[in-house]
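Data first, discussion second: the structure below is written as C-alpha cells.
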Amino acid sequence: MPTLGNPKNTIGIIQKYNFMFQKKFGQNFLIDTHVLDKIIRAAEVTKEDCVLEIGPGIGTMTQYLAESAGRVVAVEIDANLIPILEETLADYENVTVLNADILKLDIMELAREYGGGRPLKVVANLPYYITTPIIMTLLEGEAPVDNITVMVQKEVADRMQTGPGSKDYGALSLAVQYYAEPYIVANVPPNCFMPRPAVGSAVIRLRKLPQPPVAVKDAGLMFRLIRASFNQRRKTLLNGLGNAAELPFSREEIAAAIKACGLEPAVRGETLSLGQFAQLADTLAGNV
C-alpha cells in the first residue's frame with residue numbers, strides 16, 4: 001500500500017471508495033509528511049510502546065505509527081472509514097482498528113488488553129468540536145497514559161499552555177496544567193490538510209505529570225472555583241464567585257478568603273495562578 005502522507009495517494013484512496021467527508025465528525029486528513037514526522041518524534045514512539053490513536057481517518061498517521069511502535073490501537077468512530085482502513089493498513093500486523101466512540105471506551109481495559117498495562121502513548125488529529133472532552137477524559141481518568149501528542153486548533157493549543165494574565169488563559173489552561181506539562185511542537189497551516197480547515201492548527205504534546213504541581217485538599221472544589229471565576233471574566237473574583245449558584249459560600253466568606261490569601265479585593269480570576277486557586281480552595285474548605 002502506498003504511503004498516504006503523499007496527497008496524490010490520499011486523493012486516490014478517497015476517490016476509490018467514493019468517500020464523503022462528514023462535517024459532524026470534523027474530518028480533515030493530514031497530507032504533510034514533515035508534520036507527520038514531527039508528531040512521531042514529539043510522541044517519542046519506540047518499539048516498546050503501545051500507541052492509542054484517536055481518529056485515524058484513512059490511516060495516514062497510523063502507517064507512520066505502525067513503523068515506529070510495537071502496537072497501535074486506532075479508534076475510529078466513522079463506520080464508513082473501516083473498509084478503507086482495512087485496505088490501507090493491511091500490511092501492518094501490529095495495528096488493531098476499533099470502530100468505537102473514544103468517549104465510551106474503557107481506556108483502562110484497552111491498556112490492559114493491548115499494552116500489557118504499561119502506560120499508553122496517545123496520538124491524534126483531534127476533531128476541533130470534541131478536543132476538550134477527549135483530552136480531559138485522558139488526563140482525569142485512571143488509565144495509564146505517558147504522554148498525549150495531538151493536533152488541535154491553534155487557539156486551543158495556545159490556551160492549554162498559556163499563563164495568568166493572557167487573553168487565552170482560562171479554565172482549560174489550569175485543568176491541563178494541573179495534570180500535564182504542555183509544549184507546542186509545531187504550528188500547522190490549513191494547506192497541510194484535506195479538506196482545508198478554516199483555521200490554523202498546532203501540534204501540542206502533553207506529558208502527564210506523576211504528581212500535580214500543586215497540593216490541594218479538594219481538587220473538585222478548586223476546579224469549581226476556577227470555572228466560576230472564568231464564567232464571568234469581566235467581573236472581579238469576588239463577584240464571579242459570589243454569583244455562582246454551585247458554590248456553598250456566602251459573599252462575606254469569599255471576601256474573607258480572598259483577603260486571607262493576600263489578594264486585593266478587586267482582583268480578577270484571570271490573574272490567579274494554579275497555586276493561588278489551590279490556596280483559595282484550601283482557605284474556603286477550612287471555613288466549611
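Residue numbering restarts at 1 in every chain; chains get A, B, ... in the order shown in the C-alpha cells, and ligands count up from 1 in that same order.
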
Strand (DSSP E) call set, DSSP backbone run, stretch 36-268 of chain A, as a PyMOL selection string: chain A and resi 50-54+71-76+95-99+120-125+145-153+180-188+193-194+201-208

Check the DSSP output for the backbone and give back, as an NGL selection string, the residues of stretch 109-263 of chain A in helix (DSSP H, G or I). :A and (109-115 or 128-140 or 154-161 or 171-179 or 190-192 or 219-231 or 237-242 or 251-260)

For a test of reading the model, state the distance in Å between atom CA of A:Val75 and atom CA of A:Asn99, rounded to one decimal.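 Atom CA of A:Asn99 lies at a distance of 6.0 Å from atom CA of A:Val75.
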
Among the residues A:Gln276, A:Asn125, A:Ser173, A:Thr60, the one that comes closest to A:Met160 [using only C-alpha atoms]: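 Selected residue with least distance to A:Met160: A:Ser173.
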
Compile the contact shell of A:Leu174 as a VMD selection string: residues with an atom at most 12 Å away, counting only C-alpha atoms, same-chain residues fewer than 3 positions apart removed. chain A and resid 136 159 to 164 168 to 171 177 to 182 212 to 214 219 222 to 227 229 to 230 269 to 278

Could you list, with a cut-off of 10 Å and counting only C-alpha atoms, the residues of stretch 194-281 of chain A near stretch 115-123 of chain A, each shown with its nearest atom pair and the distance in Å rounded to one decimal, rows sorted by chain and ascending number, as a tab-separated table?
residue	atom	partner	partner_atom	distance
A:Arg205	CA	A:Val123	CA	9.2
A:Leu206	CA	A:Val122	CA	9.6
A:Arg207	CA	A:Lys121	CA	9.6

Write the residues of the preceding selection, restricted to N, CA and C atoms, as a short mmCIF file (atom, residue, chain, number, x, y, z; two decimals), in the first residue's frame.
data_model
loop_
_atom_site.label_atom_id
_atom_site.label_comp_id
_atom_site.auth_asym_id
_atom_site.auth_seq_id
_atom_site.Cartn_x
_atom_site.Cartn_y
_atom_site.Cartn_z
N ARG A 205 2.11 18.70 22.71
CA ARG A 205 2.46 17.49 23.47
C ARG A 205 2.18 17.74 24.94
N LEU A 206 1.45 16.83 25.55
CA LEU A 206 1.13 16.92 26.98
C LEU A 206 1.80 15.75 27.69
N ARG A 207 2.83 16.05 28.45
CA ARG A 207 3.48 14.98 29.23
C ARG A 207 2.77 14.88 30.57
#

Neighbour list for A:Glu93 as a list in words, cut-off 12 Å, only C-alpha atoms, skip fewer than 4 positions in-chain: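 Surrounding residues, per the criterion: Gln63, Ala66, Glu67, Ala69, Gly70, Arg71, Val72, Val73, Glu86, Thr88, Leu89 and Val97 of chain A.
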
I need the chosen residues saved as an mmCIF file, in the first residue's frame, with C-alpha atoms.
data_model
loop_
_atom_site.group_PDB
_atom_site.id
_atom_site.type_symbol
_atom_site.label_atom_id
_atom_site.label_comp_id
_atom_site.auth_asym_id
_atom_site.auth_seq_id
_atom_site.Cartn_x
_atom_site.Cartn_y
_atom_site.Cartn_z
ATOM 1 C CA GLN A 63 1.014 3.933 8.859
ATOM 2 C CA ALA A 66 2.963 1.326 12.866
ATOM 3 C CA GLU A 67 6.523 1.706 11.527
ATOM 4 C CA ALA A 69 5.581 1.489 17.597
ATOM 5 C CA GLY A 70 5.292 -2.044 18.973
ATOM 6 C CA ARG A 71 1.493 -1.905 18.733
ATOM 7 C CA VAL A 72 -1.069 0.633 17.538
ATOM 8 C CA VAL A 73 -4.734 0.647 18.567
ATOM 9 C CA GLU A 86 -8.680 -2.465 6.278
ATOM 10 C CA THR A 88 -4.540 0.966 3.897
ATOM 11 C CA LEU A 89 -3.330 -0.916 6.997
ATOM 12 C CA VAL A 97 -8.691 -0.898 14.406
#

Atom pair atom CA of A:Gly220 / atom CA of A:Thr283: separation (Å):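 Atom-to-atom, atom CA of A:Gly220 to atom CA of A:Thr283, that is 14.1 Å.
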
Among the residues A:Thr132, A:Thr96, A:Thr33, A:Thr137, the one that comes closest to A:Gln153 [using only C-alpha atoms]: A:Thr132

Neighbouring residues of A:Glu76 were defined as those with any atom within 10 Å, considering only C-alpha atoms; residues of the same chain fewer than 4 positions away were excluded. Please report them as a list in words.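 The filter keeps Glu53, Ile54, Gly55, Pro56, Gly57, Ile58, Gly59, Asn80, Leu81, Ile82, Leu85, Val97, Leu98, Asn99, Ala100, Asp101 and Ile102 of chain A.
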
Include C-alpha atoms and write out the residues we just selected as a PDB file, in the first residue's frame.
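Once everything was written out, this is selection.pdb:
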ATOM      1  CA  GLU A  53      -4.543   6.696  18.019  1.00  0.00           C
ATOM      2  CA  ILE A  54      -7.855   8.551  18.122  1.00  0.00           C
ATOM      3  CA  GLY A  55      -9.497   9.258  14.764  1.00  0.00           C
ATOM      4  CA  PRO A  56      -7.143   7.562  12.273  1.00  0.00           C
ATOM      5  CA  GLY A  57      -9.219   8.708   9.280  1.00  0.00           C
ATOM      6  CA  ILE A  58      -7.929   6.804   6.250  1.00  0.00           C
ATOM      7  CA  GLY A  59      -4.826   5.621   8.144  1.00  0.00           C
ATOM      8  CA  ASN A  80     -17.564   4.342   6.567  1.00  0.00           C
ATOM      9  CA  LEU A  81     -13.804   4.515   7.128  1.00  0.00           C
ATOM     10  CA  ILE A  82     -13.394   0.939   8.382  1.00  0.00           C
ATOM     11  CA  LEU A  85      -8.549   1.287   6.937  1.00  0.00           C
ATOM     12  CA  VAL A  97      -8.691  -0.898  14.406  1.00  0.00           C
ATOM     13  CA  LEU A  98     -11.715  -0.433  16.667  1.00  0.00           C
ATOM     14  CA  ASN A  99     -14.926   1.121  15.324  1.00  0.00           C
ATOM     15  CA  ALA A 100     -15.959   2.947  18.509  1.00  0.00           C
ATOM     16  CA  ASP A 101     -16.503   6.282  20.230  1.00  0.00           C
ATOM     17  CA  ILE A 102     -13.391   7.022  22.317  1.00  0.00           C
TER      18      ILE A 102
END

Could you jot down the atom CA of A:Lys8 to atom CA of A:Asn94 separation for me, Å, one decimal place?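 Distance between the two atoms: 25.7 Å.
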